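Shown below: upload_24.cif, with mmCIF, C-alpha atoms.
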```
data_protein
#
loop_
_atom_site.label_atom_id
_atom_site.label_comp_id
_atom_site.auth_asym_id
_atom_site.auth_seq_id
_atom_site.Cartn_x
_atom_site.Cartn_y
_atom_site.Cartn_z
CA MET F 188 -133.96 47.53 -53.89
CA ARG F 189 -130.30 47.96 -53.13
CA VAL F 190 -128.71 46.92 -56.40
CA ARG F 191 -125.52 48.92 -56.02
CA TRP F 192 -123.89 46.15 -54.02
CA LEU F 193 -124.08 43.97 -57.14
CA CYS F 194 -121.90 46.44 -59.00
CA THR F 195 -119.18 46.38 -56.36
CA VAL F 196 -119.09 42.65 -55.81
CA LEU F 197 -118.52 42.04 -59.49
CA ALA F 198 -115.93 44.77 -59.77
CA ALA F 199 -113.67 42.62 -57.61
CA VAL F 200 -112.55 40.87 -60.79
CA VAL F 201 -110.12 43.70 -61.40
CA ALA F 202 -108.01 42.67 -58.42
CA LEU F 203 -106.66 39.84 -60.52
CA GLY F 204 -104.82 42.43 -62.54
CA ALA F 205 -101.89 42.52 -60.15
CA CYS F 206 -101.46 38.84 -59.45
CA VAL F 207 -103.33 36.47 -61.78
CA GLY F 208 -100.12 34.73 -62.85
CA ILE F 209 -96.39 35.06 -63.21
CA ALA F 210 -96.84 37.39 -66.17
CA ALA F 211 -99.14 39.71 -64.29
CA GLN F 212 -96.21 40.81 -62.17
CA GLN F 213 -94.56 42.49 -65.18
CA ALA F 214 -95.77 46.08 -64.74
CA LYS F 215 -96.80 47.99 -67.84
CA LYS F 216 -93.98 50.41 -68.72
CA SER F 217 -94.75 54.09 -69.09
CA THR F 218 -94.15 55.56 -72.52
CA THR F 219 -92.59 58.63 -70.91
CA GLN F 220 -90.60 57.07 -68.08
CA LYS F 221 -88.67 53.82 -68.11
CA LYS F 222 -89.11 51.78 -64.94
CA GLU F 223 -86.48 49.59 -63.38
CA PRO F 224 -87.21 45.85 -63.81
CA GLU F 225 -88.72 44.15 -60.79
CA THR F 226 -86.68 41.48 -59.02
CA VAL F 227 -88.48 38.16 -58.51
CA GLN F 228 -86.90 35.52 -56.28
CA GLY F 229 -87.47 31.84 -57.16
CA ARG F 230 -86.62 28.57 -55.49
CA ALA F 231 -87.41 24.85 -55.89
CA ASP F 232 -86.18 21.48 -54.65
CA VAL F 233 -84.98 20.71 -58.19
CA LEU F 234 -84.07 23.13 -60.99
CA LYS F 235 -83.22 21.68 -64.41
CA SER F 236 -82.36 23.48 -67.68
CA THR F 237 -82.22 21.87 -71.12
CA TRP F 238 -80.52 23.38 -74.19
CA GLY F 239 -80.41 22.68 -77.90
CA ASP F 240 -83.30 23.08 -80.31
CA LYS F 241 -85.58 23.68 -77.34
CA THR F 242 -84.53 25.65 -74.30
CA GLU F 243 -86.63 24.85 -71.25
CA VAL F 244 -86.32 25.46 -67.53
CA LEU F 245 -88.04 23.08 -65.09
CA MET F 246 -88.61 23.85 -61.41
CA LYS F 247 -89.99 21.00 -59.31
CA GLY F 248 -90.91 20.52 -55.66
CA ASN F 249 -91.93 23.36 -53.32
CA VAL F 250 -91.65 25.91 -56.11
CA LYS F 251 -91.95 29.46 -54.81
CA PHE F 252 -91.72 32.84 -56.53
CA THR F 253 -91.57 35.95 -54.35
CA SER F 254 -91.71 39.62 -55.35
CA ASP F 255 -92.41 42.80 -53.42
CA ASP F 256 -96.16 42.21 -53.29
CA MET F 257 -96.77 38.64 -54.51
CA VAL F 258 -95.98 35.05 -53.54
CA LEU F 259 -96.67 32.18 -55.98
CA THR F 260 -96.35 28.56 -54.87
CA SER F 261 -96.72 25.36 -56.88
CA ASP F 262 -95.20 21.89 -57.15
CA LEU F 263 -94.07 22.24 -60.77
CA VAL F 264 -93.37 25.16 -63.13
CA THR F 265 -91.84 24.96 -66.61
CA TYR F 266 -90.68 27.82 -68.83
CA ASP F 267 -90.27 27.48 -72.61
CA LYS F 268 -87.87 30.13 -73.92
CA GLN F 269 -88.97 29.72 -77.56
CA THR F 270 -92.66 30.31 -76.91
CA LYS F 271 -91.99 32.57 -73.91
CA THR F 272 -94.59 30.65 -71.94
CA ALA F 273 -94.54 29.60 -68.28
CA VAL F 274 -96.83 26.76 -67.21
CA SER F 275 -97.89 25.34 -63.86
CA PRO F 276 -99.72 22.10 -64.77
CA GLY F 277 -100.76 21.43 -61.16
CA LYS F 278 -102.45 23.33 -58.36
CA LEU F 279 -101.00 26.74 -57.59
CA THR F 280 -101.58 29.45 -55.03
CA ILE F 281 -101.04 33.18 -55.45
CA THR F 282 -101.02 35.47 -52.42
CA SER F 283 -100.78 39.26 -52.52
CA ASN F 284 -101.88 42.28 -50.51
CA GLU F 285 -104.98 42.55 -52.70
CA ALA F 286 -106.11 38.94 -52.98
CA ASP F 287 -105.47 35.25 -52.30
CA MET F 288 -106.09 32.91 -55.26
CA THR F 289 -105.96 29.22 -56.08
CA GLY F 290 -106.45 27.25 -59.29
CA ASP F 291 -105.90 23.74 -60.63
CA LYS F 292 -103.36 25.10 -63.14
CA GLY F 293 -101.99 28.33 -64.56
CA THR F 294 -100.22 29.74 -67.61
CA ALA F 295 -98.36 32.96 -68.41
CA ASP F 296 -97.92 33.82 -72.10
CA PHE F 297 -95.41 36.68 -72.29
CA ASN F 298 -95.92 37.16 -76.04
CA LYS F 299 -99.65 37.77 -75.59
CA ARG F 300 -99.18 39.52 -72.24
CA LEU F 301 -101.73 37.03 -70.91
CA GLY F 302 -102.02 35.36 -67.51
CA THR F 303 -104.50 32.53 -66.96
CA LEU F 304 -105.85 30.53 -64.03
CA SER F 305 -108.17 27.60 -64.74
CA GLY F 306 -109.96 24.81 -62.91
CA ASN F 307 -111.81 25.53 -59.65
CA VAL F 308 -110.51 29.08 -59.50
CA GLU F 309 -111.17 30.78 -56.17
CA MET F 310 -110.17 34.28 -55.12
CA LEU F 311 -110.58 36.05 -51.81
CA LEU F 312 -110.44 39.80 -52.37
CA LYS F 313 -108.83 41.72 -49.52
CA PRO F 314 -109.47 45.41 -50.26
CA LYS F 315 -107.87 48.11 -48.13
CA PRO F 316 -110.39 50.17 -46.12
CA GLU F 317 -108.14 53.23 -46.28
CA ASP F 318 -108.54 53.26 -50.06
CA GLN F 319 -112.19 54.18 -49.57
CA ALA F 320 -111.71 56.66 -46.71
CA ASN F 321 -113.14 59.57 -48.70
CA ASP F 322 -116.12 57.69 -50.12
CA ASP F 323 -119.67 57.68 -48.79
CA GLU F 324 -120.21 54.46 -46.82
CA ASP F 325 -123.24 53.59 -48.97
CA SER F 326 -121.50 54.25 -52.29
CA VAL F 327 -120.58 51.57 -54.79
CA ARG F 328 -116.88 52.07 -54.19
CA ALA F 329 -117.22 51.91 -50.39
CA GLN F 330 -118.88 48.51 -50.66
CA VAL F 331 -115.73 47.15 -52.32
CA THR F 332 -113.92 47.49 -49.00
CA LYS F 333 -115.74 44.38 -47.80
CA PRO F 334 -114.06 40.97 -48.34
CA THR F 335 -115.46 39.18 -51.39
CA THR F 336 -115.04 35.60 -52.57
CA ILE F 337 -115.14 34.91 -56.32
CA THR F 338 -115.23 31.45 -57.89
CA CYS F 339 -115.18 30.44 -61.56
CA GLU F 340 -113.66 27.88 -63.92
CA ASN F 341 -111.39 30.17 -65.90
CA LEU F 342 -109.88 33.57 -65.36
CA GLU F 343 -107.73 35.48 -67.87
CA TYR F 344 -105.92 38.79 -67.50
CA LEU F 345 -104.49 40.75 -70.43
CA TYR F 346 -102.12 42.78 -68.31
CA GLN F 347 -101.06 45.25 -71.00
CA GLU F 348 -104.66 46.13 -71.92
CA LYS F 349 -105.73 45.76 -68.27
CA ILE F 350 -108.72 43.56 -69.13
CA ALA F 351 -109.80 40.74 -66.81
CA THR F 352 -112.23 38.03 -67.99
CA ALA F 353 -113.88 35.40 -65.78
CA THR F 354 -115.89 32.59 -67.38
CA GLY F 355 -117.59 29.34 -66.43
CA GLY F 356 -120.13 29.73 -63.65
CA VAL F 357 -118.85 32.96 -62.12
CA HIS F 358 -120.10 33.31 -58.53
CA PHE F 359 -119.62 36.18 -56.07
CA LYS F 360 -120.24 36.15 -52.32
CA GLN F 361 -120.03 39.12 -49.98
CA ASP F 362 -121.45 38.75 -46.47
CA LYS F 363 -125.02 37.50 -47.08
CA ARG F 364 -125.12 38.84 -50.65
CA THR F 365 -124.55 36.65 -53.68
CA ALA F 366 -124.39 37.16 -57.43
CA GLN F 367 -123.67 35.06 -60.50
CA ALA F 368 -123.14 35.26 -64.27
CA GLN F 369 -121.69 33.09 -66.99
CA LYS F 370 -119.11 35.72 -67.94
CA ALA F 371 -117.66 38.87 -66.39
CA VAL F 372 -115.31 41.27 -68.21
CA TYR F 373 -113.70 44.27 -66.51
CA ASN F 374 -111.69 46.95 -68.29
CA SER F 375 -109.52 48.81 -65.80
CA ASP F 376 -108.89 51.74 -68.15
CA THR F 377 -112.56 52.48 -68.87
CA GLU F 378 -113.76 51.19 -65.48
CA LEU F 379 -116.60 49.36 -67.23
CA LEU F 380 -117.80 45.94 -66.10
CA MET F 381 -119.88 43.77 -68.46
CA LEU F 382 -121.79 40.73 -67.20
CA THR F 383 -123.47 38.28 -69.54
CA GLY F 384 -125.36 35.01 -69.28
CA GLU F 385 -128.08 34.61 -66.67
CA VAL F 386 -127.00 37.49 -64.45
CA LYS F 387 -128.61 37.10 -61.01
CA GLY F 388 -128.23 38.64 -57.58
CA VAL F 389 -129.73 38.18 -54.11
CA ASP F 390 -129.19 40.60 -51.22
CA GLU F 391 -129.29 40.01 -47.47
CA ASP F 392 -133.04 40.71 -47.37
CA GLY F 393 -133.84 38.15 -50.04
CA GLN F 394 -134.51 40.76 -52.73
CA THR F 395 -133.54 39.54 -56.19
CA PHE F 396 -132.34 40.93 -59.50
CA SER F 397 -131.92 39.18 -62.85
CA ALA F 398 -131.15 40.12 -66.46
CA PRO F 399 -129.57 38.56 -69.57
CA SER F 400 -126.75 41.10 -69.42
CA VAL F 401 -125.63 44.05 -67.32
CA THR F 402 -123.20 46.92 -67.95
CA ILE F 403 -121.79 48.76 -64.94
CA SER F 404 -119.70 51.92 -64.68
CA LEU F 405 -117.49 52.20 -61.60
CA LYS F 406 -115.97 55.54 -62.59
CA ARG F 407 -115.89 57.91 -59.64
CA GLY F 408 -118.70 60.44 -59.94
CA ASP F 409 -120.24 58.53 -62.87
CA GLU F 410 -121.42 55.27 -61.29
CA TRP F 411 -124.35 53.60 -63.02
CA MET F 412 -125.84 50.27 -64.03
CA GLU F 413 -127.80 49.45 -67.18
CA ALA F 414 -129.67 46.22 -67.91
CA GLN F 415 -132.11 45.27 -70.65
CA ASN F 416 -135.16 43.06 -69.97
CA ALA F 417 -134.36 43.06 -66.25
CA SER F 418 -136.61 41.87 -63.44
CA ALA F 419 -136.43 42.33 -59.68
CA SER F 420 -138.29 41.52 -56.48
CA PHE F 421 -138.73 44.11 -53.71
CA LYS F 422 -139.65 43.82 -50.04
CA ILE F 423 -141.56 46.82 -48.77
CA ASP F 424 -142.07 47.27 -45.01
CA LEU F 425 -145.66 48.48 -44.79
CA ASP F 426 -145.35 49.13 -41.07
CA GLU F 427 -142.64 51.72 -41.73
CA LEU F 428 -144.83 53.45 -44.33
CA GLU F 429 -147.72 53.64 -41.84
CA ASP F 430 -145.44 55.12 -39.17
CA GLU F 431 -144.38 57.88 -41.57
CA GLU F 432 -147.97 58.96 -42.23
#
```

Transcribe the structure of this file into C-alpha cells.
Amino acid sequence: MRVRWLCTVLAAVVALGACVGIAAQQAKKSTTQKKEPETVQGRADVLKSTWGDKTEVLMKGNVKFTSDDMVLTSDLVTYDKQTKTAVSPGKLTITSNEADMTGDKGTADFNKRLGTLSGNVEMLLKPKPEDQANDDEDSVRAQVTKPTTITCENLEYLYQEKIATATGGVHFKQDKRTAQAQKAVYNSDTELLMLTGEVKGVDEDGQTFSAPSVTISLKRGDEWMEAQNASASFKIDLDELEDEE
C-alpha cells in the first residue's frame, strides 16, 4: 500500500507558518543578524483611533493588508495596543505564494507570538514544483508539490516556535486521495508531524489506512512513519503476479 502520500498531504499544515494571520508575517529575527522590519501596507474605507485608558485602532470596510508575499482582506479589523492583539471578528481571506486561506474569524496575539484562524477554515496549498526538482518523483517530499486542500475548524501557528496546530475535524484532499484526523501538529524545526484522533486515509485505488495516532518524519534522508495499533487494506493484482511467473 502506498502510505507515503499520507505523510505529504498532512505535512501541508506547515504552509500556514508564513501566512496564518497578521502576526505570522513578523519574521523570526536571527540572534546573529538583525533584519530590517518588513513594511506592511494597510487601507480601509474607515480608520478610527481612540486614546485614553484604552488605545484601539479600528479599520472598517474593504480592509486590506499587503506585504511582499501576503495579502489579507476582511471587512473589519481592530487592534488593541494594551493587549497587543489584532482581531478580525468576521470572515477573512489570506492569499500568499504558498497558500490561499479563508476563515470565519482570525486573531493575532503579538505577546504570545500566536496567529489563529477559526470557523470553517479552508486552505489551498500551492507548493512550488521547482522546490522539489532534486527529489525522486515518488518520494514523500515530491508528493507535496501537488495542490492540497485542508479544512478544519481551528488552526493556530506559534510563529516563533514554528509550530502549527490544526484541530476540529481536520480533512486533507489531494487528487483522489483523502485523509483525516482530529488533530494535526507540525513542528517546522524538527520536521515531525503528529496526528491524533481517528487517523484515516484512502488512496486513489481505494486502499485504506487507520490508526489512533501517527508520527511522521519529513526530514530529508530520514523520512518515516510510525503508528501503533494500525490497520490497512491492500488491493493485490493477481493477474500481474501470474504474468511475472

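Taking only C-alpha atoms into account, F:Glu391 lies nearest to F:Thr365 out of the set F:Thr365, F:Thr303, F:Thr280, F:Gln415.
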
Exactly which residues make up the result of the PyMOL selection byres ((chain F and resi 395) around 12) on this file, given as a list in words? Met188, Arg189, Val190, Trp192, Leu193, Arg364, Thr365, Ala366, Gln367, Val386, Lys387, Gly388, Val389, Asp390, Glu391, Asp392, Gly393, Gln394, Phe396, Ser397, Ala398, Ala417, Ser418, Ala419, Ser420, Phe421 and Lys422 of chain F

Using all atoms listed in the file, give me every residue within 9 Å of (-117.5, 29.4, -59.9) in file coordinates, as a PyMOL selection string. chain F and resi 307-309+337-341+354-359+367

Can you write out the residues you just picked, keeping C-alpha atoms, as a short mmCIF file (atom, residue, chain, number, x, y, z; two decimals), in the coordinates of the input?
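As written to disk, part_0.cif reads:
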```
data_model
loop_
_atom_site.label_atom_id
_atom_site.label_comp_id
_atom_site.auth_asym_id
_atom_site.auth_seq_id
_atom_site.Cartn_x
_atom_site.Cartn_y
_atom_site.Cartn_z
CA ASN F 307 -111.81 25.53 -59.65
CA VAL F 308 -110.51 29.08 -59.50
CA GLU F 309 -111.17 30.78 -56.17
CA ILE F 337 -115.14 34.91 -56.32
CA THR F 338 -115.23 31.45 -57.89
CA CYS F 339 -115.18 30.44 -61.56
CA GLU F 340 -113.66 27.88 -63.92
CA ASN F 341 -111.39 30.17 -65.90
CA THR F 354 -115.89 32.59 -67.38
CA GLY F 355 -117.59 29.34 -66.43
CA GLY F 356 -120.13 29.73 -63.65
CA VAL F 357 -118.85 32.96 -62.12
CA HIS F 358 -120.10 33.31 -58.53
CA PHE F 359 -119.62 36.18 -56.07
CA GLN F 367 -123.67 35.06 -60.50
#
```

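Applied to the file shown here, the PyMOL selection byres ((chain F and resi 347) around 7) selects Lys215, Arg300, Leu345, Tyr346, Glu348 and Lys349 of chain F.
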
If the PyMOL selection byres ((chain F and resi 246) around 8) were run on this exact file, what residues would it hold? Put them as a short mmCIF file (atom, residue, chain, number, x, y, z; two decimals) with C-alpha atoms, in the coordinates of the input.
```
data_model
loop_
_atom_site.label_atom_id
_atom_site.label_comp_id
_atom_site.auth_asym_id
_atom_site.auth_seq_id
_atom_site.Cartn_x
_atom_site.Cartn_y
_atom_site.Cartn_z
CA ARG F 230 -86.62 28.57 -55.49
CA ALA F 231 -87.41 24.85 -55.89
CA ASP F 232 -86.18 21.48 -54.65
CA VAL F 233 -84.98 20.71 -58.19
CA LEU F 234 -84.07 23.13 -60.99
CA LYS F 235 -83.22 21.68 -64.41
CA VAL F 244 -86.32 25.46 -67.53
CA LEU F 245 -88.04 23.08 -65.09
CA LYS F 247 -89.99 21.00 -59.31
CA GLY F 248 -90.91 20.52 -55.66
CA VAL F 250 -91.65 25.91 -56.11
CA LEU F 263 -94.07 22.24 -60.77
CA VAL F 264 -93.37 25.16 -63.13
CA THR F 265 -91.84 24.96 -66.61
#
```

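Distance-wise, atom CA of F:Ser254 and atom CA of F:Leu380 end up 28.9 Å apart.
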
With distances taken over all atoms listed in the file, the candidate from F:Ala353, F:Val227, F:Ala371, F:Tyr344 nearest F:Asp255 is F:Val227

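Across the model, the gap from atom CA of F:Asp267 to atom CA of F:Gly290 is 21.0 Å.
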
Measure the distance from atom CA of F:Lys313 to atom CA of F:Lys363 in Å and round it to one decimal. 16.9 Å

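Using all atoms listed in the file, the nearest neighbour of F:Ser400 within the list F:Ile423, F:Lys251, F:Gln369, F:Leu342 is F:Gln369.
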
Between F:Thr336, F:Gln228, F:Gln361, F:Thr294, which is the closest to F:Lys271 once you count only C-alpha atoms? F:Thr294

Set the distance at 6 Å and use only C-alpha atoms: which residues neighbour F:Met257 once local chain neighbours fewer than 4 positions away are removed? I'd like the list as an mmCIF file with C-alpha atoms, in the coordinates of the input.
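Dumped everything to selection09.cif:
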```cif
data_model
loop_
_atom_site.group_PDB
_atom_site.id
_atom_site.type_symbol
_atom_site.label_atom_id
_atom_site.label_comp_id
_atom_site.auth_asym_id
_atom_site.auth_seq_id
_atom_site.Cartn_x
_atom_site.Cartn_y
_atom_site.Cartn_z
ATOM 1 C CA THR F 253 -91.570 35.950 -54.350
ATOM 2 C CA THR F 282 -101.020 35.470 -52.420
ATOM 3 C CA SER F 283 -100.780 39.260 -52.520
#
```

Could you please fill out stretch 252-287 of chain F with N, CA and C atoms and send it back as a PDB file, in the frame of the given file?
```
ATOM      1  N   PHE F 252     -92.179  31.576 -55.975  1.00  0.00           N
ATOM      2  CA  PHE F 252     -91.720  32.840 -56.530  1.00  0.00           C
ATOM      3  C   PHE F 252     -92.176  33.957 -55.593  1.00  0.00           C
ATOM      4  N   THR F 253     -91.267  34.862 -55.274  1.00  0.00           N
ATOM      5  CA  THR F 253     -91.570  35.950 -54.350  1.00  0.00           C
ATOM      6  C   THR F 253     -91.137  37.278 -54.954  1.00  0.00           C
ATOM      7  N   SER F 254     -92.040  38.252 -54.944  1.00  0.00           N
ATOM      8  CA  SER F 254     -91.710  39.620 -55.350  1.00  0.00           C
ATOM      9  C   SER F 254     -92.121  40.541 -54.220  1.00  0.00           C
ATOM     10  N   ASP F 255     -92.088  41.840 -54.483  1.00  0.00           N
ATOM     11  CA  ASP F 255     -92.410  42.800 -53.420  1.00  0.00           C
ATOM     12  C   ASP F 255     -93.814  42.620 -52.872  1.00  0.00           C
ATOM     13  N   ASP F 256     -94.765  42.272 -53.743  1.00  0.00           N
ATOM     14  CA  ASP F 256     -96.160  42.210 -53.290  1.00  0.00           C
ATOM     15  C   ASP F 256     -96.878  40.933 -53.715  1.00  0.00           C
ATOM     16  N   MET F 257     -96.145  39.872 -54.050  1.00  0.00           N
ATOM     17  CA  MET F 257     -96.770  38.640 -54.510  1.00  0.00           C
ATOM     18  C   MET F 257     -95.940  37.428 -54.144  1.00  0.00           C
ATOM     19  N   VAL F 258     -96.624  36.337 -53.757  1.00  0.00           N
ATOM     20  CA  VAL F 258     -95.980  35.050 -53.540  1.00  0.00           C
ATOM     21  C   VAL F 258     -96.749  33.998 -54.320  1.00  0.00           C
ATOM     22  N   LEU F 259     -96.060  33.261 -55.198  1.00  0.00           N
ATOM     23  CA  LEU F 259     -96.670  32.180 -55.980  1.00  0.00           C
ATOM     24  C   LEU F 259     -96.029  30.874 -55.570  1.00  0.00           C
ATOM     25  N   THR F 260     -96.858  29.878 -55.243  1.00  0.00           N
ATOM     26  CA  THR F 260     -96.350  28.560 -54.870  1.00  0.00           C
ATOM     27  C   THR F 260     -97.011  27.493 -55.730  1.00  0.00           C
ATOM     28  N   SER F 261     -96.238  26.472 -56.077  1.00  0.00           N
ATOM     29  CA  SER F 261     -96.720  25.360 -56.880  1.00  0.00           C
ATOM     30  C   SER F 261     -95.753  24.193 -56.690  1.00  0.00           C
ATOM     31  N   ASP F 262     -96.100  23.035 -57.232  1.00  0.00           N
ATOM     32  CA  ASP F 262     -95.200  21.890 -57.150  1.00  0.00           C
ATOM     33  C   ASP F 262     -94.355  21.748 -58.406  1.00  0.00           C
ATOM     34  N   LEU F 263     -94.808  22.367 -59.511  1.00  0.00           N
ATOM     35  CA  LEU F 263     -94.070  22.240 -60.770  1.00  0.00           C
ATOM     36  C   LEU F 263     -94.333  23.443 -61.658  1.00  0.00           C
ATOM     37  N   VAL F 264     -93.266  24.053 -62.180  1.00  0.00           N
ATOM     38  CA  VAL F 264     -93.370  25.160 -63.130  1.00  0.00           C
ATOM     39  C   VAL F 264     -92.343  24.947 -64.229  1.00  0.00           C
ATOM     40  N   THR F 265     -92.766  25.070 -65.484  1.00  0.00           N
ATOM     41  CA  THR F 265     -91.840  24.960 -66.610  1.00  0.00           C
ATOM     42  C   THR F 265     -91.891  26.251 -67.424  1.00  0.00           C
ATOM     43  N   TYR F 266     -90.745  26.616 -67.992  1.00  0.00           N
ATOM     44  CA  TYR F 266     -90.680  27.820 -68.830  1.00  0.00           C
ATOM     45  C   TYR F 266     -90.034  27.453 -70.155  1.00  0.00           C
ATOM     46  N   ASP F 267     -90.743  27.739 -71.249  1.00  0.00           N
ATOM     47  CA  ASP F 267     -90.270  27.480 -72.610  1.00  0.00           C
ATOM     48  C   ASP F 267     -89.763  28.797 -73.191  1.00  0.00           C
ATOM     49  N   LYS F 268     -88.468  28.879 -73.448  1.00  0.00           N
ATOM     50  CA  LYS F 268     -87.870  30.130 -73.920  1.00  0.00           C
ATOM     51  C   LYS F 268     -88.338  30.475 -75.327  1.00  0.00           C
ATOM     52  N   GLN F 269     -88.555  29.461 -76.184  1.00  0.00           N
ATOM     53  CA  GLN F 269     -88.970  29.720 -77.560  1.00  0.00           C
ATOM     54  C   GLN F 269     -90.359  30.351 -77.625  1.00  0.00           C
ATOM     55  N   THR F 270     -91.288  29.797 -76.885  1.00  0.00           N
ATOM     56  CA  THR F 270     -92.660  30.310 -76.910  1.00  0.00           C
ATOM     57  C   THR F 270     -92.886  31.390 -75.857  1.00  0.00           C
ATOM     58  N   LYS F 271     -91.884  31.584 -74.993  1.00  0.00           N
ATOM     59  CA  LYS F 271     -91.990  32.570 -73.910  1.00  0.00           C
ATOM     60  C   LYS F 271     -93.251  32.312 -73.079  1.00  0.00           C
ATOM     61  N   THR F 272     -93.413  31.053 -72.696  1.00  0.00           N
ATOM     62  CA  THR F 272     -94.590  30.650 -71.940  1.00  0.00           C
ATOM     63  C   THR F 272     -94.181  29.907 -70.666  1.00  0.00           C
ATOM     64  N   ALA F 273     -94.743  30.300 -69.546  1.00  0.00           N
ATOM     65  CA  ALA F 273     -94.540  29.600 -68.280  1.00  0.00           C
ATOM     66  C   ALA F 273     -95.812  28.861 -67.922  1.00  0.00           C
ATOM     67  N   VAL F 274     -95.664  27.601 -67.478  1.00  0.00           N
ATOM     68  CA  VAL F 274     -96.830  26.760 -67.210  1.00  0.00           C
ATOM     69  C   VAL F 274     -96.700  26.102 -65.842  1.00  0.00           C
ATOM     70  N   SER F 275     -97.780  26.125 -65.093  1.00  0.00           N
ATOM     71  CA  SER F 275     -97.890  25.340 -63.860  1.00  0.00           C
ATOM     72  C   SER F 275     -99.017  24.338 -64.095  1.00  0.00           C
ATOM     73  N   PRO F 276     -98.683  23.072 -64.413  1.00  0.00           N
ATOM     74  CA  PRO F 276     -99.720  22.100 -64.770  1.00  0.00           C
ATOM     75  C   PRO F 276    -100.511  21.582 -63.583  1.00  0.00           C
ATOM     76  N   GLY F 277    -100.063  21.885 -62.365  1.00  0.00           N
ATOM     77  CA  GLY F 277    -100.760  21.430 -61.160  1.00  0.00           C
ATOM     78  C   GLY F 277    -101.262  22.608 -60.342  1.00  0.00           C
ATOM     79  N   LYS F 278    -101.833  22.313 -59.217  1.00  0.00           N
ATOM     80  CA  LYS F 278    -102.450  23.330 -58.360  1.00  0.00           C
ATOM     81  C   LYS F 278    -101.427  24.397 -57.971  1.00  0.00           C
ATOM     82  N   LEU F 279    -101.860  25.637 -58.004  1.00  0.00           N
ATOM     83  CA  LEU F 279    -101.000  26.740 -57.590  1.00  0.00           C
ATOM     84  C   LEU F 279    -101.770  27.721 -56.741  1.00  0.00           C
ATOM     85  N   THR F 280    -101.010  28.442 -55.923  1.00  0.00           N
ATOM     86  CA  THR F 280    -101.580  29.450 -55.030  1.00  0.00           C
ATOM     87  C   THR F 280    -100.860  30.759 -55.234  1.00  0.00           C
ATOM     88  N   ILE F 281    -101.604  31.842 -55.306  1.00  0.00           N
ATOM     89  CA  ILE F 281    -101.040  33.180 -55.450  1.00  0.00           C
ATOM     90  C   ILE F 281    -101.565  34.035 -54.300  1.00  0.00           C
ATOM     91  N   THR F 282    -100.649  34.636 -53.557  1.00  0.00           N
ATOM     92  CA  THR F 282    -101.020  35.470 -52.420  1.00  0.00           C
ATOM     93  C   THR F 282    -100.433  36.864 -52.608  1.00  0.00           C
ATOM     94  N   SER F 283    -101.254  37.875 -52.418  1.00  0.00           N
ATOM     95  CA  SER F 283    -100.780  39.260 -52.520  1.00  0.00           C
ATOM     96  C   SER F 283    -101.529  40.096 -51.489  1.00  0.00           C
ATOM     97  N   ASN F 284    -101.187  41.387 -51.432  1.00  0.00           N
ATOM     98  CA  ASN F 284    -101.880  42.280 -50.510  1.00  0.00           C
ATOM     99  C   ASN F 284    -103.333  42.461 -50.911  1.00  0.00           C
ATOM    100  N   GLU F 285    -103.623  42.317 -52.206  1.00  0.00           N
ATOM    101  CA  GLU F 285    -104.980  42.550 -52.700  1.00  0.00           C
ATOM    102  C   GLU F 285    -105.862  41.316 -52.657  1.00  0.00           C
ATOM    103  N   ALA F 286    -105.279  40.123 -52.871  1.00  0.00           N
ATOM    104  CA  ALA F 286    -106.110  38.940 -52.980  1.00  0.00           C
ATOM    105  C   ALA F 286    -105.316  37.663 -52.772  1.00  0.00           C
ATOM    106  N   ASP F 287    -106.021  36.604 -52.362  1.00  0.00           N
ATOM    107  CA  ASP F 287    -105.470  35.250 -52.300  1.00  0.00           C
ATOM    108  C   ASP F 287    -106.219  34.418 -53.331  1.00  0.00           C
TER     109      ASP F 287
END
```
